[in-house]
>>> print(open('coords-v9.pdb').read())   # PDB, C-alpha atoms
ATOM      1  CA  SER A   1     161.570  70.148 169.038  1.00  0.00           C
ATOM      2  CA  ILE A   2     159.493  70.749 172.156  1.00  0.00           C
ATOM      3  CA  ALA A   3     157.046  68.064 173.206  1.00  0.00           C
ATOM      4  CA  LEU A   4     154.728  66.790 175.928  1.00  0.00           C
ATOM      5  CA  THR A   5     154.285  63.274 177.216  1.00  0.00           C
ATOM      6  CA  TYR A   6     152.680  61.392 180.102  1.00  0.00           C
ATOM      7  CA  PRO A   7     154.790  60.357 183.089  1.00  0.00           C
ATOM      8  CA  THR A   8     156.602  57.032 182.425  1.00  0.00           C
ATOM      9  CA  LEU A   9     155.633  57.032 178.729  1.00  0.00           C
ATOM     10  CA  LEU A  10     158.449  56.929 176.173  1.00  0.00           C
ATOM     11  CA  GLY A  11     158.314  59.345 173.265  1.00  0.00           C
ATOM     12  CA  ALA A  12     155.801  62.181 172.879  1.00  0.00           C
ATOM     13  CA  ILE A  13     152.041  62.741 172.634  1.00  0.00           C
ATOM     14  CA  CYS A  14     152.153  66.341 171.394  1.00  0.00           C
ATOM     15  CA  GLY A  15     154.790  68.724 170.075  1.00  0.00           C
ATOM     16  CA  VAL A  16     156.202  71.036 167.428  1.00  0.00           C
ATOM     17  CA  ASN A  17     159.638  71.193 165.825  1.00  0.00           C
ATOM     18  CA  GLU A  18     161.926  73.864 164.392  1.00  0.00           C
ATOM     19  CA  HIS A  19     160.391  73.508 160.916  1.00  0.00           C
ATOM     20  CA  GLY A  20     156.831  74.138 162.103  1.00  0.00           C
ATOM     21  CA  LEU A  21     155.621  70.522 162.019  1.00  0.00           C
ATOM     22  CA  ALA A  22     153.093  69.996 164.824  1.00  0.00           C
ATOM     23  CA  ILE A  23     151.807  66.599 165.970  1.00  0.00           C
ATOM     24  CA  SER A  24     149.302  65.255 168.488  1.00  0.00           C
ATOM     25  CA  LEU A  25     148.547  61.648 169.429  1.00  0.00           C
ATOM     26  CA  ASN A  26     145.310  59.919 170.462  1.00  0.00           C
ATOM     27  CA  GLN A  27     144.843  56.317 171.549  1.00  0.00           C
ATOM     28  CA  ALA A  28     142.612  53.956 169.572  1.00  0.00           C
ATOM     29  CA  MET A  29     140.796  50.909 170.991  1.00  0.00           C
ATOM     30  CA  CYS A  30     141.961  47.949 168.884  1.00  0.00           C
ATOM     31  CA  THR A  31     141.629  44.179 168.752  1.00  0.00           C
ATOM     32  CA  ASP A  32     144.597  43.373 166.492  1.00  0.00           C
ATOM     33  CA  THR A  33     147.597  43.713 168.801  1.00  0.00           C
ATOM     34  CA  ARG A  34     150.444  41.336 167.898  1.00  0.00           C
ATOM     35  CA  PRO A  35     152.667  40.756 170.982  1.00  0.00           C
ATOM     36  CA  ARG A  36     155.312  38.766 169.070  1.00  0.00           C
ATOM     37  CA  ARG A  37     155.465  41.067 166.048  1.00  0.00           C
ATOM     38  CA  PRO A  38     158.443  43.486 165.934  1.00  0.00           C
ATOM     39  CA  ALA A  39     157.075  47.014 166.358  1.00  0.00           C
ATOM     40  CA  VAL A  40     157.600  50.273 168.236  1.00  0.00           C
ATOM     41  CA  MET A  41     155.367  52.429 170.426  1.00  0.00           C
ATOM     42  CA  VAL A  42     153.477  55.064 168.442  1.00  0.00           C
ATOM     43  CA  SER A  43     154.654  57.745 170.891  1.00  0.00           C
ATOM     44  CA  LEU A  44     158.226  56.953 169.828  1.00  0.00           C
ATOM     45  CA  VAL A  45     157.228  57.402 166.189  1.00  0.00           C
ATOM     46  CA  VAL A  46     155.766  60.808 167.072  1.00  0.00           C
ATOM     47  CA  GLN A  47     159.042  61.903 168.645  1.00  0.00           C
ATOM     48  CA  ASP A  48     160.964  60.481 165.688  1.00  0.00           C
ATOM     49  CA  CYS A  49     158.868  62.597 163.308  1.00  0.00           C
ATOM     50  CA  LEU A  50     159.482  65.693 165.417  1.00  0.00           C
ATOM     51  CA  ASP A  51     163.208  64.969 165.321  1.00  0.00           C
ATOM     52  CA  HIS A  52     163.564  64.306 161.606  1.00  0.00           C
ATOM     53  CA  CYS A  53     160.593  65.562 159.546  1.00  0.00           C
ATOM     54  CA  ARG A  54     159.932  68.979 158.063  1.00  0.00           C
ATOM     55  CA  THR A  55     156.398  68.667 156.689  1.00  0.00           C
ATOM     56  CA  VAL A  56     153.178  66.694 157.014  1.00  0.00           C
ATOM     57  CA  ALA A  57     154.119  64.766 153.870  1.00  0.00           C
ATOM     58  CA  ASP A  58     157.469  63.772 155.422  1.00  0.00           C
ATOM     59  CA  ALA A  59     155.786  62.607 158.619  1.00  0.00           C
ATOM     60  CA  VAL A  60     153.038  60.646 156.846  1.00  0.00           C
ATOM     61  CA  GLU A  61     155.666  58.765 154.834  1.00  0.00           C
ATOM     62  CA  ARG A  62     157.637  57.973 157.982  1.00  0.00           C
ATOM     63  CA  ILE A  63     154.608  56.790 159.953  1.00  0.00           C
ATOM     64  CA  LEU A  64     153.388  54.535 157.142  1.00  0.00           C
ATOM     65  CA  ALA A  65     156.845  52.937 156.905  1.00  0.00           C
ATOM     66  CA  THR A  66     157.123  52.142 160.634  1.00  0.00           C
ATOM     67  CA  PRO A  67     155.514  49.053 162.232  1.00  0.00           C
ATOM     68  CA  VAL A  68     153.653  50.057 165.404  1.00  0.00           C
ATOM     69  CA  ALA A  69     152.504  48.109 168.419  1.00  0.00           C
ATOM     70  CA  SER A  70     149.035  49.535 169.044  1.00  0.00           C
ATOM     71  CA  GLY A  71     146.171  51.605 167.701  1.00  0.00           C
ATOM     72  CA  SER A  72     146.459  55.385 167.545  1.00  0.00           C
ATOM     73  CA  PHE A  73     145.638  58.553 165.662  1.00  0.00           C
ATOM     74  CA  VAL A  74     148.563  60.777 164.681  1.00  0.00           C
ATOM     75  CA  THR A  75     147.209  64.216 163.770  1.00  0.00           C
ATOM     76  CA  LEU A  76     149.551  66.502 161.837  1.00  0.00           C
ATOM     77  CA  VAL A  77     149.740  70.123 160.671  1.00  0.00           C
ATOM     78  CA  ASP A  78     152.695  72.120 159.365  1.00  0.00           C
ATOM     79  CA  ALA A  79     153.535  75.793 159.044  1.00  0.00           C
ATOM     80  CA  ALA A  80     152.433  75.771 155.390  1.00  0.00           C
ATOM     81  CA  GLY A  81     148.921  74.681 156.417  1.00  0.00           C
ATOM     82  CA  ASP A  82     148.988  71.054 155.243  1.00  0.00           C
ATOM     83  CA  ARG A  83     146.961  68.723 157.486  1.00  0.00           C
ATOM     84  CA  ALA A  84     146.406  64.996 157.860  1.00  0.00           C
ATOM     85  CA  THR A  85     145.584  62.295 160.376  1.00  0.00           C
ATOM     86  CA  VAL A  86     147.197  58.864 160.113  1.00  0.00           C
ATOM     87  CA  GLU A  87     144.946  56.239 161.697  1.00  0.00           C
ATOM     88  CA  VAL A  88     147.066  53.242 162.682  1.00  0.00           C
ATOM     89  CA  SER A  89     146.817  49.841 164.314  1.00  0.00           C
ATOM     90  CA  ALA A  90     149.210  46.909 164.604  1.00  0.00           C
ATOM     91  CA  THR A  91     148.063  45.576 161.210  1.00  0.00           C
ATOM     92  CA  LYS A  92     146.607  48.555 159.307  1.00  0.00           C
ATOM     93  CA  LYS A  93     147.287  52.203 158.483  1.00  0.00           C
ATOM     94  CA  ARG A  94     145.135  54.731 156.647  1.00  0.00           C
ATOM     95  CA  VAL A  95     145.575  58.470 155.962  1.00  0.00           C
ATOM     96  CA  ARG A  96     142.613  60.792 156.523  1.00  0.00           C
ATOM     97  CA  ARG A  97     142.559  64.268 154.998  1.00  0.00           C
ATOM     98  CA  PRO A  98     140.220  67.111 156.027  1.00  0.00           C
ATOM     99  CA  ASP A  99     137.314  68.338 153.964  1.00  0.00           C
ATOM    100  CA  GLU A 100     138.336  71.932 153.277  1.00  0.00           C
ATOM    101  CA  PRO A 101     137.797  74.296 154.966  1.00  0.00           C
ATOM    102  CA  SER A 102     136.523  72.213 157.890  1.00  0.00           C
ATOM    103  CA  VAL A 103     138.244  71.892 161.236  1.00  0.00           C
ATOM    104  CA  MET A 104     139.945  68.496 161.430  1.00  0.00           C
ATOM    105  CA  ALA A 105     139.487  66.618 164.701  1.00  0.00           C
ATOM    106  CA  SER A 106     140.596  63.288 166.160  1.00  0.00           C
ATOM    107  CA  PHE A 107     138.847  61.629 169.074  1.00  0.00           C
ATOM    108  CA  ASN A 108     139.484  58.074 170.304  1.00  0.00           C
ATOM    109  CA  LYS A 109     137.328  56.579 167.570  1.00  0.00           C
ATOM    110  CA  TYR A 110     138.342  55.597 164.032  1.00  0.00           C
ATOM    111  CA  ARG A 111     136.743  57.558 161.210  1.00  0.00           C
ATOM    112  CA  VAL A 112     138.146  55.626 158.245  1.00  0.00           C
ATOM    113  CA  PRO A 113     135.725  52.714 157.620  1.00  0.00           C
ATOM    114  CA  GLU A 114     138.500  50.208 156.845  1.00  0.00           C
ATOM    115  CA  MET A 115     139.988  50.783 160.306  1.00  0.00           C
ATOM    116  CA  GLU A 116     136.754  49.920 162.102  1.00  0.00           C
ATOM    117  CA  ASP A 117     137.358  46.244 161.271  1.00  0.00           C
ATOM    118  CA  VAL A 118     140.072  46.143 163.952  1.00  0.00           C
ATOM    119  CA  GLU A 119     138.359  48.408 166.492  1.00  0.00           C
ATOM    120  CA  ILE A 120     136.601  47.395 169.692  1.00  0.00           C
ATOM    121  CA  PRO A 121     132.946  47.944 168.706  1.00  0.00           C
ATOM    122  CA  VAL A 122     130.763  50.740 170.023  1.00  0.00           C
ATOM    123  CA  GLY A 123     128.761  49.480 173.005  1.00  0.00           C
ATOM    124  CA  ALA A 124     131.466  47.116 174.268  1.00  0.00           C
ATOM    125  CA  ARG A 125     132.183  47.114 177.997  1.00  0.00           C
ATOM    126  CA  THR A 126     135.318  46.268 179.924  1.00  0.00           C
ATOM    127  CA  THR A 127     135.834  43.143 182.008  1.00  0.00           C
ATOM    128  CA  GLY A 128     138.206  42.359 184.848  1.00  0.00           C
ATOM    129  CA  LEU A 129     139.286  44.860 187.525  1.00  0.00           C
ATOM    130  CA  PHE A 130     137.358  47.800 186.029  1.00  0.00           C
ATOM    131  CA  SER A 131     134.463  45.801 184.618  1.00  0.00           C
ATOM    132  CA  GLY A 132     131.371  47.382 183.121  1.00  0.00           C
ATOM    133  CA  TYR A 133     133.081  50.499 181.749  1.00  0.00           C
ATOM    134  CA  ASP A 134     131.640  51.594 178.377  1.00  0.00           C
ATOM    135  CA  VAL A 135     134.745  51.751 176.167  1.00  0.00           C
ATOM    136  CA  HIS A 136     133.465  54.281 173.628  1.00  0.00           C
ATOM    137  CA  ARG A 137     130.844  56.229 175.553  1.00  0.00           C
ATOM    138  CA  CYS A 138     132.861  59.403 176.105  1.00  0.00           C
ATOM    139  CA  ASN A 139     134.367  59.197 172.608  1.00  0.00           C
ATOM    140  CA  VAL A 140     130.895  59.266 171.070  1.00  0.00           C
ATOM    141  CA  THR A 141     129.453  61.975 173.336  1.00  0.00           C
ATOM    142  CA  ARG A 142     132.471  64.277 173.092  1.00  0.00           C
ATOM    143  CA  GLU A 143     132.633  63.982 169.300  1.00  0.00           C
ATOM    144  CA  ALA A 144     128.911  64.725 169.083  1.00  0.00           C
ATOM    145  CA  ARG A 145     129.406  67.819 171.219  1.00  0.00           C
ATOM    146  CA  PHE A 146     132.308  68.904 169.001  1.00  0.00           C
ATOM    147  CA  ALA A 147     130.066  68.612 165.932  1.00  0.00           C
ATOM    148  CA  GLN A 148     127.406  70.680 167.693  1.00  0.00           C
ATOM    149  CA  VAL A 149     129.892  73.451 168.533  1.00  0.00           C
ATOM    150  CA  MET A 150     131.284  73.371 164.986  1.00  0.00           C
ATOM    151  CA  ALA A 151     127.874  73.695 163.313  1.00  0.00           C
ATOM    152  CA  GLY A 152     127.923  76.980 161.463  1.00  0.00           C
ATOM    153  CA  ALA A 153     131.419  77.821 162.707  1.00  0.00           C
ATOM    154  CA  GLN A 154     133.661  75.869 160.338  1.00  0.00           C
ATOM    155  CA  SER A 155     134.857  78.923 158.413  1.00  0.00           C
ATOM    156  CA  ARG A 156     135.592  81.126 161.430  1.00  0.00           C
ATOM    157  CA  ARG A 157     139.137  82.078 162.325  1.00  0.00           C
ATOM    158  CA  TRP A 158     140.234  80.119 165.380  1.00  0.00           C
ATOM    159  CA  ASP A 159     142.472  82.155 167.697  1.00  0.00           C
ATOM    160  CA  HIS A 160     143.937  80.993 171.001  1.00  0.00           C
ATOM    161  CA  GLU A 161     140.976  82.306 172.998  1.00  0.00           C
ATOM    162  CA  SER A 162     138.344  80.477 170.962  1.00  0.00           C
ATOM    163  CA  ILE A 163     140.380  77.246 170.925  1.00  0.00           C
ATOM    164  CA  ASP A 164     140.797  77.514 174.686  1.00  0.00           C
ATOM    165  CA  GLY A 165     137.034  77.941 175.046  1.00  0.00           C
ATOM    166  CA  LEU A 166     136.473  74.744 173.053  1.00  0.00           C
ATOM    167  CA  LEU A 167     138.943  72.793 175.204  1.00  0.00           C
ATOM    168  CA  CYS A 168     137.160  74.056 178.345  1.00  0.00           C
ATOM    169  CA  ASP A 169     133.671  73.238 177.060  1.00  0.00           C
ATOM    170  CA  HIS A 170     131.276  71.779 179.668  1.00  0.00           C
ATOM    171  CA  GLU A 171     128.166  71.869 177.446  1.00  0.00           C
ATOM    172  CA  ASP A 172     126.584  74.548 179.716  1.00  0.00           C
ATOM    173  CA  GLY A 173     127.002  72.325 182.773  1.00  0.00           C
ATOM    174  CA  PRO A 174     129.545  71.565 185.513  1.00  0.00           C
ATOM    175  CA  GLY A 175     131.623  69.210 183.376  1.00  0.00           C
ATOM    176  CA  SER A 176     131.419  65.412 183.352  1.00  0.00           C
ATOM    177  CA  GLN A 177     133.007  62.320 181.826  1.00  0.00           C
ATOM    178  CA  ASP A 178     131.092  63.028 178.615  1.00  0.00           C
ATOM    179  CA  THR A 179     132.074  66.676 178.075  1.00  0.00           C
ATOM    180  CA  ILE A 180     135.065  67.845 176.015  1.00  0.00           C
ATOM    181  CA  CYS A 181     136.735  69.010 179.255  1.00  0.00           C
ATOM    182  CA  ARG A 182     136.391  65.757 181.196  1.00  0.00           C
ATOM    183  CA  HIS A 183     135.545  65.638 184.912  1.00  0.00           C
ATOM    184  CA  SER A 184     134.464  63.027 187.460  1.00  0.00           C
ATOM    185  CA  ASP A 185     135.901  60.000 185.685  1.00  0.00           C
ATOM    186  CA  PRO A 186     138.587  58.089 187.639  1.00  0.00           C
ATOM    187  CA  LEU A 187     139.713  56.283 184.459  1.00  0.00           C
ATOM    188  CA  GLY A 188     139.942  59.217 182.086  1.00  0.00           C
ATOM    189  CA  GLU A 189     139.850  62.796 183.366  1.00  0.00           C
ATOM    190  CA  THR A 190     141.642  65.449 181.346  1.00  0.00           C
ATOM    191  CA  ILE A 191     145.027  65.937 183.012  1.00  0.00           C
ATOM    192  CA  MET A 192     146.740  68.219 180.501  1.00  0.00           C
ATOM    193  CA  SER A 193     145.927  70.288 177.423  1.00  0.00           C
ATOM    194  CA  ALA A 194     147.972  72.221 174.880  1.00  0.00           C
ATOM    195  CA  ILE A 195     147.509  74.678 172.045  1.00  0.00           C
ATOM    196  CA  VAL A 196     150.246  74.186 169.440  1.00  0.00           C
ATOM    197  CA  ASP A 197     151.189  77.021 167.081  1.00  0.00           C
ATOM    198  CA  PRO A 198     153.161  75.648 164.093  1.00  0.00           C
ATOM    199  CA  GLU A 199     153.999  79.110 162.764  1.00  0.00           C
ATOM    200  CA  ALA A 200     155.338  80.483 166.061  1.00  0.00           C
ATOM    201  CA  ARG A 201     156.812  77.061 167.036  1.00  0.00           C
ATOM    202  CA  THR A 202     155.165  77.435 170.447  1.00  0.00           C
ATOM    203  CA  LEU A 203     153.261  75.259 172.926  1.00  0.00           C
ATOM    204  CA  TYR A 204     150.705  76.765 175.291  1.00  0.00           C
ATOM    205  CA  VAL A 205     150.313  74.142 178.022  1.00  0.00           C
ATOM    206  CA  ARG A 206     147.900  73.857 180.924  1.00  0.00           C
ATOM    207  CA  TYR A 207     148.477  71.088 183.462  1.00  0.00           C
ATOM    208  CA  GLY A 208     145.296  69.709 184.992  1.00  0.00           C
ATOM    209  CA  LYS A 209     141.868  70.303 183.469  1.00  0.00           C
ATOM    210  CA  PRO A 210     141.621  72.893 180.661  1.00  0.00           C
ATOM    211  CA  CYS A 211     139.194  74.982 182.741  1.00  0.00           C
ATOM    212  CA  GLU A 212     141.683  75.350 185.598  1.00  0.00           C
ATOM    213  CA  GLY A 213     144.777  77.502 186.032  1.00  0.00           C
ATOM    214  CA  GLU A 214     146.886  79.469 183.555  1.00  0.00           C
ATOM    215  CA  ARG A 215     148.585  78.313 180.376  1.00  0.00           C
ATOM    216  CA  LEU A 216     152.360  78.061 180.315  1.00  0.00           C
ATOM    217  CA  GLU A 217     153.971  79.346 177.115  1.00  0.00           C
ATOM    218  CA  ILE A 218     156.914  77.283 175.842  1.00  0.00           C
ATOM    219  CA  ALA A 219     158.583  78.690 172.736  1.00  0.00           C
ATOM    220  CA  LEU A 220     161.137  76.976 170.524  1.00  0.00           C
ATOM    221  CA  GLN A 221     164.193  78.812 169.268  1.00  0.00           C
ATOM    222  CA  PRO A 222     164.671  77.643 165.650  1.00  0.00           C
ATOM    223  CA  LEU A 223     167.938  75.822 165.011  1.00  0.00           C
ATOM    224  CA  THR A 224     170.143  76.523 162.008  1.00  0.00           C
ATOM    225  CA  THR A 225     171.052  72.912 161.218  1.00  0.00           C
ATOM    226  CA  HIS A 226     169.071  69.747 160.676  1.00  0.00           C
ATOM    227  CA  THR A 227     170.553  66.277 160.473  1.00  0.00           C
ATOM    228  CA  ALA A 228     168.608  63.644 158.573  1.00  0.00           C
ATOM    229  CA  ALA A 229     168.275  60.195 160.103  1.00  0.00           C
ATOM    230  CA  PRO A 230     167.015  56.812 158.896  1.00  0.00           C
ATOM    231  CA  PRO A 231     163.485  55.736 159.909  1.00  0.00           C
ATOM    232  CA  LEU A 232     162.924  53.897 163.172  1.00  0.00           C
ATOM    233  CA  ARG A 233     163.305  50.159 162.777  1.00  0.00           C
ATOM    234  CA  ALA A 234     161.735  47.574 165.016  1.00  0.00           C
ATOM    235  CA  THR A 235     163.770  44.552 166.055  1.00  0.00           C
ATOM    236  CA  ALA A 236     162.675  41.314 167.608  1.00  0.00           C
TER     237      ALA A 236
END
>>> encode(input="coords-v9.pdb", output="structure tokens")
Amino acid sequence: SIALTYPTLLGAICGVNEHGLAISLNQAMCTDTRPRRPAVMVSLVVQDCLDHCRTVADAVERILATPVASGSFVTLVDAAGDRATVEVSATKKRVRRPDEPSVMASFNKYRVPEMEDVEIPVGARTTGLFSGYDVHRCNVTREARFAQVMAGAQSRRWDHESIDGLLCDHEDGPGSQDTICRHSDPLGETIMSAIVDPEARTLYVRYGKPCEGERLEIALQPLTTHTAAPPLRATA
């Protein structure tokens, strides 16, 4: 597999493997963390799926069977076109499927109603060192902008150029903390973006904001062997 991660973070946040399984990871804002409960980081589960799964169905089964330590969205697509998002927290997991033929998106906000029970509510603000920060503001505004862009365009064919334009979207302005390409936010600017092609087994990566610089193409040479492995197990 080839994958991306953040500096110092174990596992992966985005990648594709030799079988054409592509995965991306988003953080969720949860209230049900269990510090003493055996679990693993969701980014490690993502890398585990890239290492050992062939399809979306394989990965969904693996994610549902693995206890995780925090809230996240694991968005999946494979070379055959199957798609799903697994919304997880420390105590719950739910699978979300797209409404065909719509574009499936994951922001940092749960969409499955049952998961909202363990989510920090919309309108909540941070306390402590960075007090007063609206936890969900940019999640709500960016998802609303995505819906606006998608209106009337759900059935179009999305090539690399049009996807890149969406990632660089500033809503006809200079870019801000509320636009899809995030600017001027010391706690959450966009620092990296990628277009993942599950058929070509390729990542197109841009470091920094999506509107800056050139994309780096990283292609995976398919391997001829694949060794199965048991699921990740958390230990106390």
>>> residues_around(input="coords-v9.pdb", residues="segment 98-103 of chain A", least_positions_apart="5", cutoff="12 Å", atoms="all atoms listed in the file", output="list in words")
Thr75, Leu76, Val77, Gly81, Asp82, Arg83, Ala84, Thr85, Val86, Arg111, Val112, Phe146, Ala147, Val149, Met150, Ala151, Gly152, Ala153, Gln154, Ser155, Arg156, Arg157, Trp158 and Ile163 of chain A
>>> write_last_selection(input="coords-v9.pdb", atoms="C-alpha atoms", output="short mmCIF file (atom, residue, chain, number, x, y, z; two decimals), in the frame of the given file")
data_model
loop_
_atom_site.label_atom_id
_atom_site.label_comp_id
_atom_site.auth_asym_id
_atom_site.auth_seq_id
_atom_site.Cartn_x
_atom_site.Cartn_y
_atom_site.Cartn_z
CA THR A 75 147.21 64.22 163.77
CA LEU A 76 149.55 66.50 161.84
CA VAL A 77 149.74 70.12 160.67
CA GLY A 81 148.92 74.68 156.42
CA ASP A 82 148.99 71.05 155.24
CA ARG A 83 146.96 68.72 157.49
CA ALA A 84 146.41 65.00 157.86
CA THR A 85 145.58 62.30 160.38
CA VAL A 86 147.20 58.86 160.11
CA ARG A 111 136.74 57.56 161.21
CA VAL A 112 138.15 55.63 158.24
CA PHE A 146 132.31 68.90 169.00
CA ALA A 147 130.07 68.61 165.93
CA VAL A 149 129.89 73.45 168.53
CA MET A 150 131.28 73.37 164.99
CA ALA A 151 127.87 73.69 163.31
CA GLY A 152 127.92 76.98 161.46
CA ALA A 153 131.42 77.82 162.71
CA GLN A 154 133.66 75.87 160.34
CA SER A 155 134.86 78.92 158.41
CA ARG A 156 135.59 81.13 161.43
CA ARG A 157 139.14 82.08 162.32
CA TRP A 158 140.23 80.12 165.38
CA ILE A 163 140.38 77.25 170.92
#
>>> resolve_selection(input="coords-v9.pdb", expression="the PyMOL selection byres ((chain A and resi 220) around 8)", output="ChimeraX atom specification")
/A:1-2,17-18,201-202,218-219,221-222
>>> write_last_selection(input="coords-v9.pdb", atoms="C-alpha atoms", output="mmCIF file, keeping the file's coordinate frame")
data_model
loop_
_atom_site.group_PDB
_atom_site.id
_atom_site.type_symbol
_atom_site.label_atom_id
_atom_site.label_comp_id
_atom_site.auth_asym_id
_atom_site.auth_seq_id
_atom_site.Cartn_x
_atom_site.Cartn_y
_atom_site.Cartn_z
ATOM 1 C CA SER A 1 161.570 70.148 169.038
ATOM 2 C CA ILE A 2 159.493 70.749 172.156
ATOM 3 C CA ASN A 17 159.638 71.193 165.825
ATOM 4 C CA GLU A 18 161.926 73.864 164.392
ATOM 5 C CA ARG A 201 156.812 77.061 167.036
ATOM 6 C CA THR A 202 155.165 77.435 170.447
ATOM 7 C CA ILE A 218 156.914 77.283 175.842
ATOM 8 C CA ALA A 219 158.583 78.690 172.736
ATOM 9 C CA GLN A 221 164.193 78.812 169.268
ATOM 10 C CA PRO A 222 164.671 77.643 165.650
#
>>> residues_around(input="coords-v9.pdb", residues="Arg145 of chain A", least_positions_apart="3", cutoff="12 Å", atoms="all atoms listed in the file", output="JSON, numbers by chain")
{"A": [107, 138, 139, 140, 141, 142, 148, 149, 150, 151, 166, 167, 169, 170, 171, 172, 178, 179, 180, 181]}
>>> write_last_selection(input="coords-v9.pdb", atoms="C-alpha atoms", output="mmCIF file, keeping the file's coordinate frame")
data_model
loop_
_atom_site.group_PDB
_atom_site.id
_atom_site.type_symbol
_atom_site.label_atom_id
_atom_site.label_comp_id
_atom_site.auth_asym_id
_atom_site.auth_seq_id
_atom_site.Cartn_x
_atom_site.Cartn_y
_atom_site.Cartn_z
ATOM 1 C CA PHE A 107 138.847 61.629 169.074
ATOM 2 C CA CYS A 138 132.861 59.403 176.105
ATOM 3 C CA ASN A 139 134.367 59.197 172.608
ATOM 4 C CA VAL A 140 130.895 59.266 171.070
ATOM 5 C CA THR A 141 129.453 61.975 173.336
ATOM 6 C CA ARG A 142 132.471 64.277 173.092
ATOM 7 C CA GLN A 148 127.406 70.680 167.693
ATOM 8 C CA VAL A 149 129.892 73.451 168.533
ATOM 9 C CA MET A 150 131.284 73.371 164.986
ATOM 10 C CA ALA A 151 127.874 73.695 163.313
ATOM 11 C CA LEU A 166 136.473 74.744 173.053
ATOM 12 C CA LEU A 167 138.943 72.793 175.204
ATOM 13 C CA ASP A 169 133.671 73.238 177.060
ATOM 14 C CA HIS A 170 131.276 71.779 179.668
ATOM 15 C CA GLU A 171 128.166 71.869 177.446
ATOM 16 C CA ASP A 172 126.584 74.548 179.716
ATOM 17 C CA ASP A 178 131.092 63.028 178.615
ATOM 18 C CA THR A 179 132.074 66.676 178.075
ATOM 19 C CA ILE A 180 135.065 67.845 176.015
ATOM 20 C CA CYS A 181 136.735 69.010 179.255
#
>>> resolve_selection(input="coords-v9.pdb", expression="the PyMOL selection byres ((chain A and resi 35-41) around 10)", output="PyMOL selection string")
chain A and resi 9-11+32-34+42-46+66-72+90-91+232-236
>>> atom_distance(input="coords-v9.pdb", atom1="atom CA of Met29 of chain A", atom2="atom CA of Glu189 of chain A")
17.2 Å
>>> closest_residue(input="coords-v9.pdb", among="A:Gln47, A:Ser162, A:Ser131, A:Gln27", to="Asn108 of chain A", atoms="all atoms listed in the file")
A:Gln27
>>> atom_distance(input="coords-v9.pdb", atom1="atom CA of Ala124 of chain A", atom2="atom CA of Arg137 of chain A")
9.2 Å
>>> axis_aligned_box(input="coords-v9.pdb", around="segment 174-188 of chain A", padding_each_side="4 Å", output="AutoDock Vina command-line options")
--center_x 134.7 --center_y 63.9 --center_z 181.8 --size_x 18.4 --size_y 23.3 --size_z 19.6
>>> closest_residue(input="coords-v9.pdb", among="A:Cys14, A:Ile191, A:Val135, A:Cys211", to="Phe73 of chain A", atoms="all atoms listed in the file")
A:Cys14
>>> resolve_selection(input="coords-v9.pdb", expression="the PyMOL selection byres ((chain A and resi 92) around 9)", output="PyMOL selection string")
chain A and resi 71+87-91+93-94+114-115+118
>>> atom_distance(input="coords-v9.pdb", atom1="atom CA of Arg125 of chain A", atom2="atom CA of Met192 of chain A")
25.8 Å
